[in-house]
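input23.txt (compact mmCIF, C-alpha atoms)
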# COMPACT_ATOMS: atom_id res chain seq x y z
CA MET A 1 132.57 120.03 145.03
CA SER A 2 129.85 122.17 143.46
CA ASP A 3 132.21 123.05 140.59
CA ILE A 4 132.76 119.37 139.88
CA LYS A 5 129.02 118.70 139.81
CA THR A 6 128.46 121.64 137.50
CA ASP A 7 131.21 120.43 135.16
CA ARG A 8 129.71 116.92 135.04
CA LYS A 9 126.29 118.35 134.33
CA ASN A 10 127.55 120.52 131.49
CA ASN A 11 129.30 117.53 129.92
CA SER A 12 126.48 115.02 130.27
CA PRO A 13 126.13 112.49 127.41
CA GLY A 14 123.76 113.53 124.64
CA GLU A 15 124.30 117.26 125.20
CA ASN A 16 127.90 118.26 124.46
CA THR A 17 129.61 115.02 123.44
CA GLY A 18 129.73 112.76 120.41
CA TRP A 19 127.15 113.02 117.66
CA ALA A 20 124.99 115.39 119.70
CA ARG A 21 127.77 117.98 119.74
CA ILE A 22 128.54 117.49 116.04
CA TRP A 23 124.87 117.81 115.13
CA GLY A 24 124.48 120.86 117.37
CA ASN A 25 127.34 122.64 115.63
CA PHE A 26 126.05 121.67 112.20
CA GLU A 27 122.56 122.87 113.13
CA LYS A 28 123.92 126.28 114.17
CA LYS A 29 125.90 126.70 110.94
CA HIS A 30 123.25 125.30 108.57
CA PRO A 31 119.82 125.62 110.25
CA LYS A 32 117.72 125.18 107.08
CA LEU A 33 119.69 122.17 105.83
CA ALA A 34 119.66 120.65 109.32
CA LYS A 35 115.88 120.99 109.46
CA TRP A 36 115.49 119.25 106.09
CA LEU A 37 117.82 116.42 107.12
CA TYR A 38 115.97 115.97 110.41
CA GLN A 39 112.61 115.83 108.63
CA ILE A 40 113.84 113.48 105.90
CA PHE A 41 115.36 111.12 108.47
CA TYR A 42 112.26 110.80 110.64
CA PHE A 43 109.97 110.78 107.62
CA PHE A 44 111.92 107.85 106.17
CA VAL A 45 112.00 105.91 109.44
CA PHE A 46 108.25 106.26 110.06
CA SER A 47 107.40 105.58 106.43
CA MET A 48 109.43 102.38 106.39
CA GLY A 49 107.77 101.29 109.61
CA VAL A 50 104.26 101.64 108.20
CA THR A 51 105.44 100.01 104.95
CA VAL A 52 106.17 96.85 106.95
CA ILE A 53 102.64 97.03 108.37
CA GLN A 54 101.22 97.31 104.84
CA TYR A 55 103.21 94.29 103.70
CA LEU A 56 101.81 92.18 106.53
CA PHE A 57 98.26 93.12 105.52
CA PHE A 58 98.94 92.48 101.82
CA THR A 59 100.42 89.07 102.58
CA PHE A 60 98.20 87.60 105.28
CA MET A 61 94.81 89.31 105.13
CA PRO A 62 93.79 87.80 101.74
CA GLY A 63 94.15 84.34 103.26
CA VAL A 64 92.03 85.35 106.25
CA LEU A 65 89.29 86.66 103.94
CA GLY A 66 89.29 83.35 102.05
CA LYS A 67 88.71 82.11 98.52
CA GLY A 68 85.16 83.43 98.40
CA LEU A 69 86.33 87.04 98.19
CA ALA A 70 89.49 86.06 96.28
CA GLY A 71 87.21 84.64 93.57
CA THR A 72 84.89 87.67 93.50
CA GLU A 73 85.69 90.08 90.69
CA PHE A 74 85.68 93.76 91.58
CA MET A 75 87.31 96.04 89.02
CA TRP A 76 86.67 99.51 87.66
CA PRO A 77 87.03 100.47 84.89
CA GLN A 78 87.61 97.20 83.04
CA VAL A 79 90.07 97.59 80.17
CA HIS A 80 91.24 94.45 78.37
CA MET A 81 95.00 94.38 77.77
CA ASP A 82 97.61 92.00 76.40
CA LEU A 83 101.21 92.62 77.49
CA PHE A 84 104.14 90.21 77.01
CA GLY A 85 101.73 87.46 76.06
CA VAL A 86 99.65 87.79 79.22
CA GLU A 87 96.00 88.79 78.87
CA PHE A 88 94.46 90.65 81.77
CA THR A 89 91.97 93.34 82.71
CA TRP A 90 93.37 96.70 83.81
CA SER A 91 91.59 98.91 86.34
CA LEU A 92 92.08 101.77 88.77
CA LEU A 93 90.11 99.97 91.49
CA GLY A 94 90.24 96.25 92.15
CA TYR A 95 92.40 93.35 91.01
CA ASN A 96 92.10 90.37 88.68
CA VAL A 97 90.91 87.05 90.08
CA LEU A 98 93.82 84.60 90.03
CA TYR A 99 93.44 81.02 88.81
CA GLU A 100 95.68 77.98 88.65
CA SER A 101 94.42 74.86 86.88
CA GLY A 102 90.92 76.28 87.13
CA GLU A 103 91.15 76.83 90.90
CA VAL A 104 90.90 80.24 92.53
CA LEU A 105 94.14 81.41 94.13
CA ILE A 106 94.48 83.60 97.18
CA GLY A 107 96.03 86.96 96.26
CA GLY A 108 93.60 88.54 93.83
CA GLY A 109 90.00 89.65 93.37
CA LEU A 110 87.99 91.52 95.96
CA GLY A 111 89.89 89.88 98.80
CA TYR A 112 93.20 91.39 97.74
CA PHE A 113 91.60 94.77 97.04
CA ILE A 114 90.13 94.91 100.56
CA SER A 115 93.46 93.81 102.05
CA TYR A 116 95.33 96.47 100.07
CA GLU A 117 93.01 99.30 101.05
CA VAL A 118 92.68 98.27 104.71
CA GLY A 119 96.45 97.84 105.05
CA SER A 120 97.13 101.17 103.40
CA PHE A 121 94.49 102.98 105.49
CA VAL A 122 95.70 101.52 108.80
CA ALA A 123 99.27 102.45 107.90
CA GLN A 124 98.25 106.05 107.19
CA CYS A 125 96.33 106.28 110.47
CA ILE A 126 99.60 105.43 112.24
CA ASN A 127 101.73 107.57 109.94
CA PHE A 128 99.67 110.76 110.22
CA PRO A 129 100.21 111.57 113.93
CA LEU A 130 103.87 110.50 113.83
CA GLN A 131 104.68 112.72 110.87
CA ARG A 132 102.59 115.63 112.13
CA ASN A 133 103.80 115.67 115.72
CA ILE A 134 107.40 114.42 115.49
CA THR A 135 108.74 114.87 111.97
CA PHE A 136 107.21 118.26 111.16
CA LYS A 137 106.25 119.35 114.70
CA SER A 138 103.10 121.01 113.41
CA HIS A 139 100.38 122.59 115.55
CA GLY A 140 98.06 123.55 112.71
CA ASN A 141 94.36 122.75 112.40
CA VAL A 142 94.26 118.96 112.72
CA ALA A 143 90.87 118.59 110.99
CA TYR A 144 92.07 120.61 107.99
CA GLN A 145 95.31 118.64 107.83
CA ALA A 146 93.52 115.28 108.13
CA MET A 147 91.15 116.26 105.30
CA TRP A 148 94.00 117.07 102.91
CA TYR A 149 95.90 113.99 104.05
CA LEU A 150 92.86 111.85 103.19
CA ILE A 151 92.50 113.49 99.78
CA ALA A 152 96.20 112.94 99.04
CA TRP A 153 95.98 109.31 100.16
CA ILE A 154 92.99 108.63 97.87
CA VAL A 155 94.70 110.20 94.85
CA ILE A 156 98.00 108.41 95.50
CA SER A 157 96.18 105.11 96.04
CA LEU A 158 94.45 105.44 92.67
CA VAL A 159 97.76 106.20 90.95
CA CYS A 160 99.49 103.24 92.63
CA ASN A 161 96.58 100.89 91.94
CA GLY A 162 96.54 101.85 88.28
CA PHE A 163 100.29 101.35 87.95
CA ASN A 164 100.34 98.09 89.90
CA ASN A 165 97.59 96.65 87.73
CA LEU A 166 99.85 97.03 84.69
CA TRP A 167 102.60 94.75 85.95
CA MET A 168 101.06 92.61 88.72
CA PRO A 169 99.11 90.27 86.39
CA ILE A 170 102.37 89.56 84.56
CA ALA A 171 104.42 89.07 87.72
CA GLN A 172 101.77 86.76 89.15
CA GLN A 173 102.46 84.34 86.31
CA TYR A 174 106.10 83.91 87.30
CA VAL A 175 106.62 84.61 91.02
CA ALA A 176 105.02 83.62 94.31
CA PRO A 177 102.51 85.99 96.01
CA ALA A 178 104.97 86.79 98.82
CA VAL A 179 107.48 88.01 96.23
CA TYR A 180 105.16 90.29 94.29
CA ASN A 181 103.72 91.54 97.57
CA ILE A 182 107.23 92.81 98.32
CA LEU A 183 107.29 94.53 94.91
CA VAL A 184 103.83 96.02 95.49
CA THR A 185 104.93 97.27 98.89
CA ILE A 186 108.18 98.77 97.58
CA ILE A 187 106.54 100.48 94.60
CA THR A 188 103.52 101.70 96.55
CA GLY A 189 105.65 102.77 99.49
CA GLY A 190 108.30 104.41 97.31
CA VAL A 191 105.87 106.44 95.22
CA SER A 192 103.85 107.37 98.29
CA MET A 193 106.93 108.45 100.25
CA VAL A 194 108.15 110.85 97.58
CA ILE A 195 104.74 112.45 97.02
CA PHE A 196 103.70 112.48 100.67
CA PHE A 197 106.88 114.22 101.82
CA PHE A 198 106.10 117.31 99.78
CA VAL A 199 102.40 117.07 100.66
CA PHE A 200 103.40 117.10 104.33
CA LYS A 201 105.63 120.14 103.81
CA ILE A 202 102.50 121.96 102.63
CA ILE A 203 99.81 120.73 105.02
CA PHE A 204 102.02 120.57 108.13
CA PRO A 205 103.18 124.15 108.72
CA GLU A 206 105.58 124.30 111.62
CA GLY A 207 104.89 126.11 114.87
CA GLU A 208 101.59 127.32 116.25
CA GLY A 209 98.51 127.28 114.08
CA LYS A 210 96.86 130.50 113.02
CA LYS A 211 94.29 131.76 115.49
Show me this structure written as structure tokens.
Amino acid sequence: MSDIKTDRKNNSPGENTGWARIWGNFEKKHPKLAKWLYQIFYFFVFSMGVTVIQYLFFTFMPGVLGKGLAGTEFMWPQVHMDLFGVEFTWSLLGYNVLYESGEVLIGGGLGYFISYEVGSFVAQCINFPLQRNITFKSHGNVAYQAMWYLIAWIVISLVCNGFNNLWMPIAQQYVAPAVYNILVTIITGGVSMVIFFFVFKIIFPEGEGKK
């Protein structure tokens, strides 16, 4: 009887059967590649999850903030541009105020800038512990890691804002806000994911932190 119990225990699901067994064998043969695949998988899953959160902020928060903030201009620096017949002001911080028939539209101005930054910041607050503790299993100095994470987020946000402000004013002339919010989310999330993965590889050393 004891032998039967032992045999069942050794062949319990998730340990020696199915994908778990295949992955275990692969991990033994290719430990470095397996580690990279594991990290890329969880990094992608968590990143896509917080990308959905960002999209919800980008889409709904401007409406909550109202037309007062949507009609308030906040842009720096202000560089006048004309692309594809559309005149707009380019900036690293802030977004153009949107108008239709002289009326302010939700989806631009200070209201959209606040929504973008709040959504992005909240997403990173969720992303940071998930990536640190699960994806990279790091036990380094959390204050040091959070500082560099914040610096990376600020730099990446500026790059994404600058790039988005080149095409968003044009897209806003032809598509609904929900559509270009998807584009903003994909571009921002895509650029951020690529850069952040390698930032994480640097700031999240695996194992115990140095004493």
Polymer residues at most 9 Å from (95.3, 100.7, 84.7) by only C-alpha atoms, as a list in words
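Residues found, by chain and rising number: Pro77, Gln78, Val79, Thr89, Trp90, Ser91, Leu92, Leu93, Val159, Asn161, Gly162, Phe163, Asn164, Asn165 and Leu166 of chain A.
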For segment 176-189 of chain A: contacts at 10 Å, all atoms listed in the file, fewer than 4 positions along chain excluded, given as a VMD selection string:
chain A and resid 47 to 48 50 to 60 105 to 108 116 120 156 to 157 159 to 161 163 to 165 167 to 169 171 to 172 193 to 194 196
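Atom pair atom CA of Ala146 of chain A / atom CA of Phe46 of chain A has a distance of 17.4 Å (rounded to one decimal).
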In terms of the shortest atom-to-atom distance over all atoms listed in the file, which of A:Gln124, A:Phe74, A:Leu37, A:Ile170 is closest to Glu87 of chain A?
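Among the listed residues, the smallest separation from Glu87 of chain A belongs to A:Ile170.
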Would you mind reading off the distance between atom CA of Pro62 of chain A and atom CA of Ser115 of chain A, one decimal, in Å?
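Between atom CA of Pro62 of chain A and atom CA of Ser115 of chain A the gap is 6.0 Å.
Counting from atom CA of Lys35 of chain A, the distance to atom CA of Gln145 of chain A is 20.8 Å.
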Near-Phe113 of chain A list (7 Å; only C-alpha atoms; drop same-chain fewer than 3 positions) as a count of residues only
6
Pick out the closest residue to Ile40 of chain A from this set: A:Trp76, A:Phe197, A:Tyr144, A:Phe128. Count all atoms listed in the file.
A:Phe197
Box centre and edge lengths (Å, one decimal), axis-aligned, segment 52-62 of chain A plus 6 Å each side, as JSON:
{"center_x": 100.0, "center_y": 92.5, "center_z": 105.1, "size_x": 24.4, "size_y": 21.7, "size_z": 18.6}
So, counting all atoms listed in the file, which residue among A:Ser101, A:Gln173, A:Asn96, A:Thr135 is closest to Phe204 of chain A?
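Going through A:Ser101, A:Gln173, A:Asn96, A:Thr135 one by one, the smallest distance to Phe204 of chain A is for A:Thr135.
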May I ask which of the residues A:Ala152, A:Ile114, A:Val45, A:Val191 is the closest one to Met61 of chain A, counting all atoms listed in the file?
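Comparing A:Ala152, A:Ile114, A:Val45, A:Val191 against Met61 of chain A, the winner is A:Ile114.
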